[in-house]
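Student: For reference, this is start-v3.tsv, and it has TSV, C-alpha atoms.
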```
chain	number	residue	atom	x	y	z
A	5	MET	CA	-9.63	6.83	9.89
A	6	GLY	CA	-8.21	10.05	8.54
A	7	ARG	CA	-9.05	10.95	5.01
A	8	GLU	CA	-7.71	13.45	2.54
A	9	SER	CA	-10.09	16.10	1.27
A	10	ASN	CA	-9.84	14.88	-2.31
A	11	MET	CA	-10.84	11.32	-1.42
A	12	LYS	CA	-14.35	10.12	-1.98
A	13	PRO	CA	-15.96	9.55	1.44
A	14	ASP	CA	-17.34	6.06	1.82
A	15	TYR	CA	-19.29	6.40	5.02
A	16	GLU	CA	-22.97	5.58	5.31
A	17	ILE	CA	-25.53	6.64	7.89
A	18	LEU	CA	-27.50	3.54	8.77
A	19	ALA	CA	-29.77	4.74	11.56
A	20	TYR	CA	-30.61	7.86	13.52
A	21	ILE	CA	-32.03	7.45	17.00
A	22	THR	CA	-33.57	10.45	18.70
A	23	MET	CA	-36.02	11.35	21.45
A	24	ASN	CA	-37.21	14.43	19.61
A	25	ALA	CA	-40.13	13.60	17.30
A	26	GLU	CA	-39.33	16.63	15.12
A	27	ARG	CA	-36.03	15.12	14.14
A	28	VAL	CA	-37.55	11.90	12.84
A	29	LEU	CA	-37.24	12.54	9.12
A	30	SER	CA	-37.57	10.40	6.05
A	31	GLY	CA	-34.53	9.39	4.06
A	32	LYS	CA	-32.22	6.48	3.40
A	33	ALA	CA	-31.24	6.08	7.03
A	34	GLN	CA	-33.65	4.51	9.48
A	35	SER	CA	-34.95	7.19	11.87
A	36	LEU	CA	-36.20	5.90	15.19
A	37	LEU	CA	-37.94	7.65	18.04
A	38	ALA	CA	-36.92	6.38	21.46
A	39	LYS	CA	-38.93	6.69	24.68
A	40	ASP	CA	-36.04	7.48	26.96
A	41	GLU	CA	-32.27	7.69	27.04
A	42	GLU	CA	-31.85	4.07	28.04
A	43	GLU	CA	-33.90	2.85	25.09
A	44	GLN	CA	-32.01	5.19	22.80
A	45	LYS	CA	-28.69	3.78	23.96
A	46	THR	CA	-29.81	0.16	23.63
A	47	LEU	CA	-31.29	0.72	20.18
A	48	ALA	CA	-28.12	2.35	18.91
A	49	GLN	CA	-25.95	-0.40	20.33
A	50	ASP	CA	-28.10	-3.25	19.04
A	51	ILE	CA	-28.31	-1.83	15.53
A	52	ALA	CA	-24.57	-1.16	15.47
A	53	LYS	CA	-23.86	-4.71	16.60
A	54	ALA	CA	-26.21	-6.25	14.06
A	55	LEU	CA	-24.89	-4.19	11.16
A	56	LYS	CA	-21.27	-4.28	12.30
A	57	ALA	CA	-21.21	-0.50	12.37
A	58	ASP	CA	-20.13	2.24	14.78
A	59	THR	CA	-22.15	4.53	17.02
A	60	VAL	CA	-21.70	8.27	17.23
A	61	LYS	CA	-23.23	10.26	20.06
A	62	LEU	CA	-24.10	13.74	18.93
A	63	LYS	CA	-23.84	16.70	21.28
A	64	CYS	CA	-27.64	17.13	21.12
A	65	GLY	CA	-27.98	13.67	22.69
A	66	ASP	CA	-29.06	11.82	19.55
A	67	TYR	CA	-27.29	8.70	18.33
A	68	MET	CA	-26.23	7.94	14.81
A	69	VAL	CA	-25.20	4.51	13.59
A	70	ILE	CA	-22.68	4.86	10.80
A	71	ARG	CA	-20.39	2.66	8.82
A	72	VAL	CA	-17.06	4.09	7.76
B	7	MET	CA	1.53	-10.91	-6.94
B	8	ILE	CA	3.97	-8.10	-7.77
B	9	HIS	CA	1.36	-6.30	-9.87
B	10	LEU	CA	-1.23	-6.63	-7.10
B	11	GLY	CA	1.27	-5.32	-4.54
B	12	ILE	CA	2.03	-2.34	-6.75
B	13	SER	CA	-1.70	-1.71	-7.26
B	14	ILE	CA	-2.35	-1.76	-3.50
B	15	SER	CA	0.43	0.74	-2.82
B	16	ARG	CA	-0.73	2.87	-5.75
B	17	ILE	CA	-4.30	3.02	-4.39
B	18	TYR	CA	-2.99	3.87	-0.92
B	19	GLU	CA	-1.17	6.79	-2.48
B	20	GLU	CA	-4.32	7.84	-4.35
B	21	ASN	CA	-2.54	7.28	-7.63
B	22	LEU	CA	-5.66	5.86	-9.23
B	23	ILE	CA	-5.96	4.79	-12.84
B	24	THR	CA	-8.74	5.43	-15.32
B	25	MET	CA	-9.26	3.28	-18.37
B	26	GLU	CA	-10.98	4.03	-21.65
B	27	ARG	CA	-14.68	3.16	-21.74
B	28	ASN	CA	-14.34	0.95	-24.84
B	29	GLU	CA	-11.43	-0.93	-23.29
B	30	MET	CA	-13.46	-1.48	-20.12
B	31	ARG	CA	-16.43	-2.77	-22.11
B	32	LEU	CA	-14.24	-5.38	-23.80
B	33	LEU	CA	-12.54	-6.39	-20.56
B	34	LYS	CA	-15.86	-6.90	-18.79
B	35	LYS	CA	-16.73	-9.56	-21.39
B	36	GLU	CA	-13.66	-11.64	-20.48
B	37	ASN	CA	-14.08	-14.58	-18.11
B	38	GLU	CA	-11.16	-13.24	-16.09
B	39	TRP	CA	-13.25	-10.18	-15.13
B	40	LYS	CA	-15.15	-12.30	-12.60
B	41	ILE	CA	-11.92	-13.55	-11.08
B	42	ALA	CA	-10.67	-9.96	-10.94
B	43	GLU	CA	-13.90	-8.97	-9.17
B	44	TYR	CA	-13.35	-11.70	-6.58
B	45	ILE	CA	-9.72	-10.64	-6.08
B	46	GLY	CA	-10.92	-7.02	-5.82
B	47	GLU	CA	-13.46	-7.91	-3.11
B	48	ARG	CA	-10.83	-9.75	-1.08
B	49	LEU	CA	-8.33	-6.91	-1.41
B	50	SER	CA	-10.98	-4.37	-0.55
B	51	SER	CA	-11.91	-6.11	2.71
B	52	SER	CA	-8.37	-7.06	3.72
B	53	PHE	CA	-6.69	-3.73	2.99
B	54	GLU	CA	-9.69	-1.40	3.40
B	55	LEU	CA	-9.37	-0.08	-0.12
B	56	GLU	CA	-11.84	1.08	-2.66
B	57	ILE	CA	-11.19	-0.92	-5.82
B	58	THR	CA	-12.60	0.90	-8.84
B	59	ASP	CA	-13.72	-0.73	-12.11
B	60	SER	CA	-10.58	0.56	-13.80
B	61	GLU	CA	-8.44	-1.19	-11.19
B	62	LEU	CA	-10.42	-4.39	-11.82
B	63	GLY	CA	-9.79	-3.87	-15.54
B	64	PHE	CA	-6.07	-3.59	-14.86
B	65	ILE	CA	-6.11	-6.86	-12.88
B	66	THR	CA	-8.11	-8.47	-15.73
B	67	ILE	CA	-5.47	-7.42	-18.31
B	68	HIS	CA	-2.80	-9.21	-16.30
B	69	LEU	CA	-4.93	-12.32	-15.75
B	70	VAL	CA	-5.77	-12.54	-19.45
B	71	GLY	CA	-2.07	-12.14	-20.29
B	72	ALA	CA	-0.98	-14.82	-17.82
B	73	LYS	CA	-3.59	-17.26	-19.13
B	74	LEU	CA	-2.56	-16.66	-22.73
B	75	GLN	CA	1.08	-17.25	-21.93
B	76	ASN	CA	0.23	-20.44	-20.10
B	77	ASP	CA	-2.01	-21.68	-22.95
B	78	ILE	CA	0.64	-21.01	-25.59
B	79	GLU	CA	3.42	-22.61	-23.55
B	80	SER	CA	1.33	-25.72	-22.92
B	81	GLU	CA	0.37	-25.65	-26.63
B	82	LYS	CA	-3.35	-25.43	-25.97
B	83	ILE	CA	-3.44	-22.67	-28.53
B	84	SER	CA	-0.96	-21.90	-31.26
B	85	GLU	CA	1.42	-18.96	-31.30
B	86	SER	CA	-0.35	-17.55	-34.37
B	87	HIS	CA	-3.20	-16.62	-32.02
B	88	LEU	CA	-1.02	-13.70	-30.92
B	89	GLU	CA	-1.04	-12.37	-34.46
B	90	LYS	CA	-4.82	-12.07	-34.32
B	91	LEU	CA	-4.58	-10.07	-31.11
B	92	ASN	CA	-2.25	-7.41	-32.46
B	93	ARG	CA	-0.87	-7.91	-35.96
B	94	GLU	CA	1.28	-4.79	-35.91
B	95	LEU	CA	3.00	-5.68	-32.64
B	96	TYR	CA	3.42	-9.31	-33.75
B	97	THR	CA	5.15	-8.40	-37.02
B	98	GLU	CA	7.31	-5.72	-35.44
B	99	LEU	CA	8.44	-8.05	-32.64
B	100	ARG	CA	9.26	-10.82	-35.11
B	101	ARG	CA	11.39	-8.35	-37.08
B	102	ILE	CA	13.23	-7.20	-33.90
B	103	ILE	CA	13.94	-10.77	-32.80
B	104	ASP	CA	15.21	-11.65	-36.30
B	105	SER	CA	17.66	-8.76	-36.32
B	106	ILE	CA	18.86	-9.51	-32.77
B	107	SER	CA	19.43	-13.13	-33.81
B	108	LYS	CA	21.49	-11.94	-36.77
B	109	ILE	CA	23.56	-9.51	-34.70
B	110	THR	CA	24.29	-11.85	-31.81
B	111	GLY	CA	24.48	-15.09	-33.73
B	112	TYR	CA	22.10	-16.80	-31.25
B	113	ASN	CA	18.94	-18.22	-32.66
B	114	PHE	CA	16.21	-16.53	-30.64
B	115	LYS	CA	13.60	-17.28	-33.31
B	116	GLN	CA	12.85	-20.72	-31.93
B	117	ASP	CA	12.38	-19.50	-28.36
B	118	LYS	CA	8.61	-19.60	-28.07
B	119	LYS	CA	8.62	-18.63	-24.39
B	120	LEU	CA	10.69	-15.51	-25.06
B	121	PHE	CA	8.48	-14.38	-27.92
B	122	THR	CA	5.20	-14.95	-26.06
B	123	GLY	CA	6.49	-13.30	-22.89
B	124	LEU	CA	7.79	-10.28	-24.79
B	125	PHE	CA	4.62	-9.97	-26.83
B	126	LEU	CA	2.29	-10.11	-23.83
B	127	HIS	CA	4.37	-7.73	-21.74
B	128	LEU	CA	4.60	-5.24	-24.58
B	129	ARG	CA	0.87	-5.57	-25.25
B	130	THR	CA	0.10	-4.80	-21.60
B	131	ALA	CA	2.61	-1.95	-21.65
B	132	VAL	CA	0.95	-0.45	-24.75
B	133	LYS	CA	-2.44	-0.66	-23.02
B	134	ARG	CA	-0.96	0.92	-19.91
B	135	ILE	CA	0.54	3.80	-21.86
B	136	LYS	CA	-2.70	4.27	-23.84
B	137	ASN	CA	-4.64	4.57	-20.58
B	138	ASP	CA	-1.93	6.69	-18.99
B	139	ILE	CA	-1.25	4.19	-16.21
B	140	ARG	CA	2.15	4.86	-14.73
B	141	LEU	CA	3.93	2.66	-12.24
B	142	PRO	CA	4.87	4.84	-9.27
B	143	TYR	CA	7.40	2.30	-8.00
B	144	ILE	CA	9.29	1.94	-11.24
B	145	ASP	CA	12.17	4.06	-9.93
B	146	GLY	CA	12.38	2.05	-6.73
B	147	ILE	CA	12.27	-1.27	-8.56
B	148	ALA	CA	14.89	-0.15	-11.08
B	149	LYS	CA	17.11	1.22	-8.32
B	150	THR	CA	16.94	-1.97	-6.27
B	151	PHE	CA	17.65	-4.30	-9.18
B	152	GLU	CA	20.36	-2.18	-10.68
B	153	SER	CA	22.12	-1.62	-7.38
B	154	ARG	CA	22.37	-5.39	-6.91
B	155	ASN	CA	24.56	-5.64	-9.98
B	156	TYR	CA	26.83	-2.85	-8.83
B	157	PHE	CA	27.08	-4.32	-5.34
B	158	SER	CA	28.13	-7.74	-6.58
B	159	LEU	CA	30.60	-6.08	-8.93
B	160	LEU	CA	32.07	-4.02	-6.10
B	161	PHE	CA	32.33	-6.97	-3.67
B	162	SER	CA	34.08	-9.16	-6.21
B	163	PHE	CA	36.43	-6.32	-7.12
B	164	LEU	CA	37.33	-5.61	-3.48
B	165	THR	CA	37.82	-9.29	-2.68
B	166	ALA	CA	39.99	-9.89	-5.73
B	167	LEU	CA	41.99	-6.71	-5.08
B	168	THR	CA	42.65	-7.70	-1.47
B	169	ILE	CA	43.77	-11.17	-2.48
B	170	GLN	CA	46.13	-9.67	-5.07
B	171	LEU	CA	47.51	-7.08	-2.63
B	172	VAL	CA	48.09	-9.57	0.17
B	173	GLY	CA	49.68	-11.96	-2.30
B	174	SER	CA	50.84	-14.35	0.40
B	175	SER	CA	52.18	-17.80	-0.40
B	176	GLN	CA	49.67	-19.11	2.16
B	177	VAL	CA	46.43	-19.57	0.20
B	178	TRP	CA	44.23	-19.59	3.29
B	179	LEU	CA	45.58	-16.15	4.31
B	180	ASN	CA	44.66	-14.70	0.91
B	181	VAL	CA	41.18	-16.18	1.06
B	182	PHE	CA	40.65	-15.10	4.66
B	183	SER	CA	41.72	-11.49	4.04
B	184	GLY	CA	39.57	-11.33	0.89
B	185	ALA	CA	36.55	-12.63	2.82
B	186	LEU	CA	37.19	-10.23	5.68
B	187	VAL	CA	37.26	-7.21	3.40
B	188	ALA	CA	34.10	-8.43	1.64
B	189	VAL	CA	32.26	-8.81	4.97
B	190	VAL	CA	33.26	-5.29	6.06
B	191	ALA	CA	32.15	-3.95	2.67
B	192	ILE	CA	28.83	-5.79	2.91
B	193	TYR	CA	28.23	-4.35	6.38
B	194	LEU	CA	29.00	-0.79	5.27
B	195	LEU	CA	27.02	-1.00	2.04
B	196	HIS	CA	24.10	-2.64	3.78
B	197	ARG	CA	23.83	0.33	6.10
B	198	PHE	CA	24.52	2.80	3.33
B	199	SER	CA	21.91	1.36	0.99
B	200	LYS	CA	19.28	0.78	3.63
B	201	GLY	CA	15.97	2.46	2.85
B	202	LYS	CA	14.85	5.24	5.13
B	203	THR	CA	12.27	4.67	7.82
B	204	ILE	CA	9.96	6.90	9.85
B	205	GLY	CA	12.36	6.55	12.79
B	206	ASP	CA	15.03	8.35	10.74
B	207	ILE	CA	13.00	11.49	10.24
B	208	ALA	CA	10.74	11.57	13.29
B	209	ASP	CA	10.49	10.74	16.98
B	210	VAL	CA	7.77	8.32	17.97
B	211	GLU	CA	6.41	8.37	21.50
B	212	ILE	CA	3.63	6.68	23.41
B	213	ALA	CA	0.73	9.03	24.15
B	214	ASN	CA	-2.24	9.15	26.48
B	215	VAL	CA	-5.62	7.98	25.29
B	216	GLU	CA	-8.44	10.06	26.68
B	217	LEU	CA	-12.20	9.99	26.12
B	218	LYS	CA	-14.22	13.16	26.57
B	219	ASN	CA	-17.96	12.64	26.09
B	220	SER	CA	-17.42	9.74	23.71
B	221	GLU	CA	-14.86	11.73	21.73
B	222	LEU	CA	-11.41	10.22	21.46
B	223	TYR	CA	-8.42	12.44	22.19
B	224	VAL	CA	-4.77	11.48	22.11
B	225	ASP	CA	-2.67	13.97	24.09
B	226	ASP	CA	-5.29	16.67	23.45
B	227	ILE	CA	-5.44	15.96	19.71
B	228	TYR	CA	-8.98	15.18	18.61
B	229	VAL	CA	-9.08	11.86	16.79
B	230	SER	CA	-12.62	10.55	16.37
B	231	ASN	CA	-16.15	10.51	17.75
B	232	LEU	CA	-16.93	7.04	16.49
B	233	LEU	CA	-16.92	5.64	20.02
B	234	GLY	CA	-20.50	6.64	20.81
B	235	SER	CA	-21.53	3.49	22.62
B	236	GLU	CA	-20.52	2.78	26.20
B	237	ASN	CA	-18.93	-0.52	25.24
B	238	ALA	CA	-16.69	1.16	22.71
B	239	SER	CA	-15.64	3.96	25.06
B	240	LYS	CA	-14.89	1.55	27.88
B	241	MET	CA	-12.90	-0.74	25.65
B	242	TYR	CA	-10.86	2.12	24.23
B	243	GLN	CA	-10.25	3.67	27.64
B	244	LYS	CA	-9.08	0.37	29.03
B	245	GLU	CA	-7.19	-1.21	26.14
B	246	GLY	CA	-6.49	1.48	23.53
B	247	ILE	CA	-2.89	2.48	22.85
B	248	ALA	CA	-1.64	5.48	20.93
B	249	ALA	CA	1.58	6.88	19.58
B	250	ILE	CA	2.44	10.33	18.34
B	251	ILE	CA	4.94	10.90	15.56
B	252	TYR	CA	6.87	14.16	15.96
B	253	PRO	CA	8.75	15.20	12.80
B	254	LYS	CA	12.36	16.10	13.57
B	255	GLU	CA	12.30	18.99	11.10
B	256	GLU	CA	9.42	21.07	9.81
B	257	HIS	CA	9.91	19.92	6.18
B	258	PHE	CA	9.58	16.25	7.16
B	259	ARG	CA	5.89	17.01	7.64
B	260	ILE	CA	5.52	16.83	3.86
B	261	THR	CA	6.45	13.16	4.03
B	262	LEU	CA	4.64	12.28	7.23
B	263	ASP	CA	1.37	14.05	6.40
B	264	ASN	CA	0.95	12.00	3.24
B	265	PHE	CA	-2.10	9.80	3.57
B	266	GLY	CA	-0.37	6.76	2.07
B	267	GLN	CA	2.55	7.16	4.46
B	268	ARG	CA	0.22	7.32	7.47
B	269	GLN	CA	-1.66	4.28	6.19
B	270	ALA	CA	1.65	2.44	5.88
B	271	ALA	CA	2.55	3.30	9.50
B	272	LEU	CA	-0.85	2.13	10.69
B	273	PHE	CA	-0.52	-1.04	8.65
B	274	GLU	CA	2.90	-1.84	10.15
B	275	ALA	CA	1.60	-1.13	13.65
B	276	THR	CA	-1.45	-3.36	13.20
B	277	ARG	CA	0.75	-6.10	11.78
B	278	ALA	CA	2.98	-5.96	14.86
B	279	VAL	CA	0.37	-5.92	17.65
B	280	GLY	CA	-2.86	-6.88	15.86
B	281	VAL	CA	-6.18	-5.04	15.93
B	282	LYS	CA	-8.92	-6.06	18.30
B	283	ARG	CA	-11.21	-3.22	17.25
B	284	TYR	CA	-10.86	0.32	15.87
B	285	HIS	CA	-7.80	1.93	14.37
B	286	PHE	CA	-7.33	5.58	13.55
B	287	THR	CA	-4.73	7.96	12.21
B	288	ARG	CA	-5.02	11.70	12.53
B	289	LYS	CA	-2.76	14.59	11.73
B	290	ASP	CA	-2.47	17.73	13.77
B	291	TYR	CA	-2.20	20.64	11.35
B	292	LYS	CA	-0.77	23.11	13.83
B	293	LYS	CA	2.29	21.26	15.03
B	294	GLY	CA	2.58	18.59	12.38
B	295	ARG	CA	2.15	15.71	14.81
B	296	VAL	CA	0.65	12.49	13.54
B	297	VAL	CA	-1.43	10.20	15.73
B	298	ILE	CA	-1.61	6.44	15.31
B	299	THR	CA	-4.02	4.74	17.67
B	300	LEU	CA	-5.79	1.40	17.92
B	301	VAL	CA	-7.07	-1.28	20.26
B	302	PRO	CA	-4.41	-3.99	19.95
B	303	ILE	CA	-4.66	-7.72	20.49
B	304	ILE	CA	-1.24	-7.83	22.14
B	305	GLN	CA	-0.57	-5.10	24.67
B	306	ASP	CA	3.02	-4.46	23.76
B	307	LYS	CA	3.79	-0.76	23.63
B	308	ASP	CA	7.45	-1.25	22.73
B	309	ALA	CA	6.62	-3.42	19.72
B	310	PHE	CA	3.99	-0.86	18.70
B	311	ILE	CA	6.48	2.03	18.77
B	312	GLU	CA	9.19	-0.04	17.10
B	313	ALA	CA	6.86	-1.05	14.27
B	314	ILE	CA	5.97	2.59	13.56
B	315	LYS	CA	9.62	3.63	13.69
B	316	LYS	CA	10.59	0.91	11.25
B	317	THR	CA	7.87	1.76	8.72
B	318	PRO	CA	9.66	2.40	5.43
B	319	LEU	CA	9.26	5.77	3.80
B	320	LEU	CA	7.32	5.21	0.61
B	321	GLU	CA	9.29	5.66	-2.56
B	322	ASN	CA	6.96	8.26	-4.06
B	323	VAL	CA	6.69	10.27	-0.89
B	324	LYS	CA	10.37	10.37	-0.05
B	325	LYS	CA	11.45	12.00	-3.30
B	326	SER	CA	12.72	14.93	-1.38
B	327	HIS	CA	16.46	15.53	-1.24
B	328	ASN	CA	16.14	16.35	2.44
B	329	VAL	CA	14.91	12.86	3.17
B	330	MET	CA	17.00	11.03	0.64
B	331	ASP	CA	20.31	12.54	1.74
B	332	THR	CA	22.26	9.81	3.43
B	333	ASN	CA	25.69	9.09	4.82
B	334	LEU	CA	27.79	5.98	5.14
B	335	ALA	CA	26.27	5.06	8.48
B	336	GLY	CA	22.85	5.07	6.82
B	337	ARG	CA	21.38	7.64	9.17
B	338	LYS	CA	21.16	11.39	9.11
```
Show this structure as structure tokens.
Tutor:
Amino acid sequence: MGRESNMKPDYEILAYITMNAERVLSGKAQSLLAKDEEEQKTLAQDIAKALKADTVKLKCGDYMVIRV
Amino acid sequence: MIHLGISISRIYEENLITMERNEMRLLKKENEWKIAEYIGERLSSSFELEITDSELGFITIHLVGAKLQNDIESEKISESHLEKLNRELYTELRRIIDSISKITGYNFKQDKKLFTGLFLHLRTAVKRIKNDIRLPYIDGIAKTFESRNYFSLLFSFLTALTIQLVGSSQVWLNVFSGALVAVVAIYLLHRFSKGKTIGDIADVEIANVELKNSELYVDDIYVSNLLGSENASKMYQKEGIAAIIYPKEEHFRITLDNFGQRQAALFEATRAVGVKRYHFTRKDYKKGRVVITLVPIIQDKDAFIEAIKKTPLLENVKKSHNVMDTNLAGRK
């Protein structure tokens, strides 16, 4: 949904799924390291389904589960 | 209901209120605060709004007022309770009612309902003014109610005038001609007084939904990248519909780009065809186009376009003479 610049954003990053161990960082969002692309995809989808959230595929290949 | 409706529209238009901390502290102690919280939660999930504490406070004020009025009318508590709430307002209002009774000769002093209603409305109004809460729709409400009086006045005048002018000895002919003129007047005034809609200031057309690497584009306008999973992309590719709103004139962009106005268009569209999953609006800064896209329950593109076209222009947004200019046919 579009949002004006003066509006408080209410999105939340719930999980970050990557295959690069260097990008597994601590923080509020759950960071997960996947074995391969298939596992990465499944993890993202399952988490999104369970938390009723949306998945974003980043250009670097990582997945982010966010709730807007 | 009216106050909640106004609050929803106000939040959509980012016209948020802020209340004094002390006032909020007192309101949170009221039993009605919990009810307001429940109402807030429901509104928040149904209308996708962020209801702030101040908004909850505003709902609480109205709930407390309504309960008081009900309790006094059903004589659960006495009218003197109002005096404890605000002595100054109570005394002043009593004095006003006394002088009106003297001037008009009607005894308003005994009308408990009138006094309580006036007291509670004024009390809320004082709180609203103290907290600088302004009703953005006040002009619209006033205009609508006032115009009703003028319309009825005009219709009766035209009907009576026609009957007098015809002046036939046949009564039915007088009545028929009067009614005929009234119907024509109603038709003309209905069109003349009709509120403006998006269709009046913009063209709305169906657009192509396209997915490029899980990014959603509508006729080459980037909309969202929230469709990262295969399921989502497939569903959107297969079932998603989109419309683009093209402003007829450059200055109509001011109206259409307003976030509240776009939300209203999306709301009307979702009400017409339903939402299975996902709904987005996006504005294109370069050409001023506005995208409305969603995955509908009912695949009816015509109804989708029609709903967007018929979305009313919000009162606050349309305060531009370019939009408000009208003619007898009701369209520019």
Student: Centre and edge lengths, as AutoDock Vina command-line options, for the axis-aligned box enclosing every listed atom of region 205-220 of chain B with 8 Å of padding on each of the six sides, in Å to one decimal?
Tutor:
```
--center_x -1.5 --center_y 9.9 --center_z 18.5 --size_x 49.0 --size_y 22.6 --size_z 32.4
```
Student: Please return, as a VMD selection string, all residues of chain B lying within 8 Å of chain A when all atoms listed in the file are considered.
Tutor: chain B and resid 20 220 231 to 235 265 285 to 289
Student: Pick out the closest residue to Tyr223 (chain B) from this set: B:Thr66, B:Ser239, B:Asn92, B:Thr261. Count all atoms listed in the file.
Tutor: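 Closest residue, counting all atoms listed in the file: B:Ser239.
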Student: Could you check the closest approach to Asp50 (chain A) for each of B:Asn37, B:Gln267, B:Ser153, B:Asn237 and tell me which residue wins, using only C-alpha atoms?
Tutor: B:Asn237
Student: In terms of the shortest atom-to-atom distance over all atoms listed in the file, which of B:Ile204, B:Ile250, B:Ile23, B:Leu74 is closest to Ser60 (chain B)?
Tutor: B:Ile23
Student: So which residues touch Phe163 (chain B) within 10 Å, counting only C-alpha atoms, skipping near sequence neighbours fewer than 5 positions away, as a short mmCIF file (atom, residue, chain, number, x, y, z; two decimals) with C-alpha atoms, keeping the file's coordinate frame?
Tutor:
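Contents of the output file around_32.cif:
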```
data_model
loop_
_atom_site.label_atom_id
_atom_site.label_comp_id
_atom_site.auth_asym_id
_atom_site.auth_seq_id
_atom_site.Cartn_x
_atom_site.Cartn_y
_atom_site.Cartn_z
CA PHE B 157 27.08 -4.32 -5.34
CA SER B 158 28.13 -7.74 -6.58
CA THR B 168 42.65 -7.70 -1.47
CA ILE B 169 43.77 -11.17 -2.48
CA GLY B 184 39.57 -11.33 0.89
CA ALA B 188 34.10 -8.43 1.64
#
```
Student: One decimal, Å: what's the distance from CA of Lys282 (chain B) over to CA of Glu236 (chain B), could you say?
Tutor: 16.6 Å
Student: If I put a ball of radius 12 Å at (9.4, -8.1, -33.8) in the file's coordinates, which residues poke into it when counting all atoms listed in the file, written as a PyMOL selection string?
Tutor: chain B and resi 89+92-107+114-115+120-122+124-125+128
Student: What is the CA of Asp66 (chain A) to CA of Ala25 (chain A) distance in Å?
Tutor: 11.4 Å
Student: List the neighbours of Lys35 (chain B) out to 12 Å using all atoms listed in the file; skip same-chain residues closer than 5 positions along the sequence, and give me the result as a PyMOL selection string.
Tutor: chain B and resi 28-30+40+63+66-67+70
Student: What is the CA of Lys119 (chain B)-CA of Ala131 (chain B) distance in Å, reported with one decimal?
Tutor: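 So the two atoms, CA of Lys119 (chain B) and CA of Ala131 (chain B), lie 17.9 Å apart.
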Student: Excluding Gly71 (chain B) and any residue of its chain fewer than 6 positions from it, enumerate the residues within 10 Å of it, using all atoms listed in the file, and give them as a short mmCIF file (atom, residue, chain, number, x, y, z; two decimals) with C-alpha atoms, keeping the file's coordinate frame.
Tutor:
```cif
data_model
loop_
_atom_site.label_atom_id
_atom_site.label_comp_id
_atom_site.auth_asym_id
_atom_site.auth_seq_id
_atom_site.Cartn_x
_atom_site.Cartn_y
_atom_site.Cartn_z
CA ILE B 65 -6.11 -6.86 -12.88
CA ASP B 77 -2.01 -21.68 -22.95
CA THR B 122 5.20 -14.95 -26.06
CA GLY B 123 6.49 -13.30 -22.89
CA PHE B 125 4.62 -9.97 -26.83
CA LEU B 126 2.29 -10.11 -23.83
CA HIS B 127 4.37 -7.73 -21.74
CA ARG B 129 0.87 -5.57 -25.25
CA THR B 130 0.10 -4.80 -21.60
#
```
Student: Any idea what's packed within 9 Å of region 34-44 of chain A, counting only C-alpha atoms, ignoring anything in its chain fewer than 3 positions away? Could you give it as a PyMOL selection string?
Tutor: chain A and resi 17-25+27-31+47-49+65-67
Student: Take the selection from the previous step and output its residues with C-alpha atoms, as a PDB file, in the frame of the given file.
Tutor:
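Contents of result.pdb, freshly written:
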```pdb
ATOM      1  CA  ILE A  17     -25.530   6.640   7.890  1.00  0.00           C
ATOM      2  CA  LEU A  18     -27.500   3.540   8.770  1.00  0.00           C
ATOM      3  CA  ALA A  19     -29.770   4.740  11.560  1.00  0.00           C
ATOM      4  CA  TYR A  20     -30.610   7.860  13.520  1.00  0.00           C
ATOM      5  CA  ILE A  21     -32.030   7.450  17.000  1.00  0.00           C
ATOM      6  CA  THR A  22     -33.570  10.450  18.700  1.00  0.00           C
ATOM      7  CA  MET A  23     -36.020  11.350  21.450  1.00  0.00           C
ATOM      8  CA  ASN A  24     -37.210  14.430  19.610  1.00  0.00           C
ATOM      9  CA  ALA A  25     -40.130  13.600  17.300  1.00  0.00           C
ATOM     10  CA  ARG A  27     -36.030  15.120  14.140  1.00  0.00           C
ATOM     11  CA  VAL A  28     -37.550  11.900  12.840  1.00  0.00           C
ATOM     12  CA  LEU A  29     -37.240  12.540   9.120  1.00  0.00           C
ATOM     13  CA  SER A  30     -37.570  10.400   6.050  1.00  0.00           C
ATOM     14  CA  GLY A  31     -34.530   9.390   4.060  1.00  0.00           C
ATOM     15  CA  LEU A  47     -31.290   0.720  20.180  1.00  0.00           C
ATOM     16  CA  ALA A  48     -28.120   2.350  18.910  1.00  0.00           C
ATOM     17  CA  GLN A  49     -25.950  -0.400  20.330  1.00  0.00           C
ATOM     18  CA  GLY A  65     -27.980  13.670  22.690  1.00  0.00           C
ATOM     19  CA  ASP A  66     -29.060  11.820  19.550  1.00  0.00           C
ATOM     20  CA  TYR A  67     -27.290   8.700  18.330  1.00  0.00           C
TER      21      TYR A  67
END
```
Student: For Ile207 (chain B), find every residue with an atom within 8 Å (counting all atoms listed in the file), except residues of its own chain fewer than 4 positions away, and show them as a PyMOL selection string.
Tutor: chain B and resi 203+253-255+258+329
Student: Determine the nearest neighbour of Met241 (chain B) from the options B:Leu300, B:Val189, B:Gly205, B:Arg48, counting all atoms listed in the file.
Tutor: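 Of B:Leu300, B:Val189, B:Gly205, B:Arg48, the one nearest Met241 (chain B) is B:Leu300, counting all atoms listed in the file.
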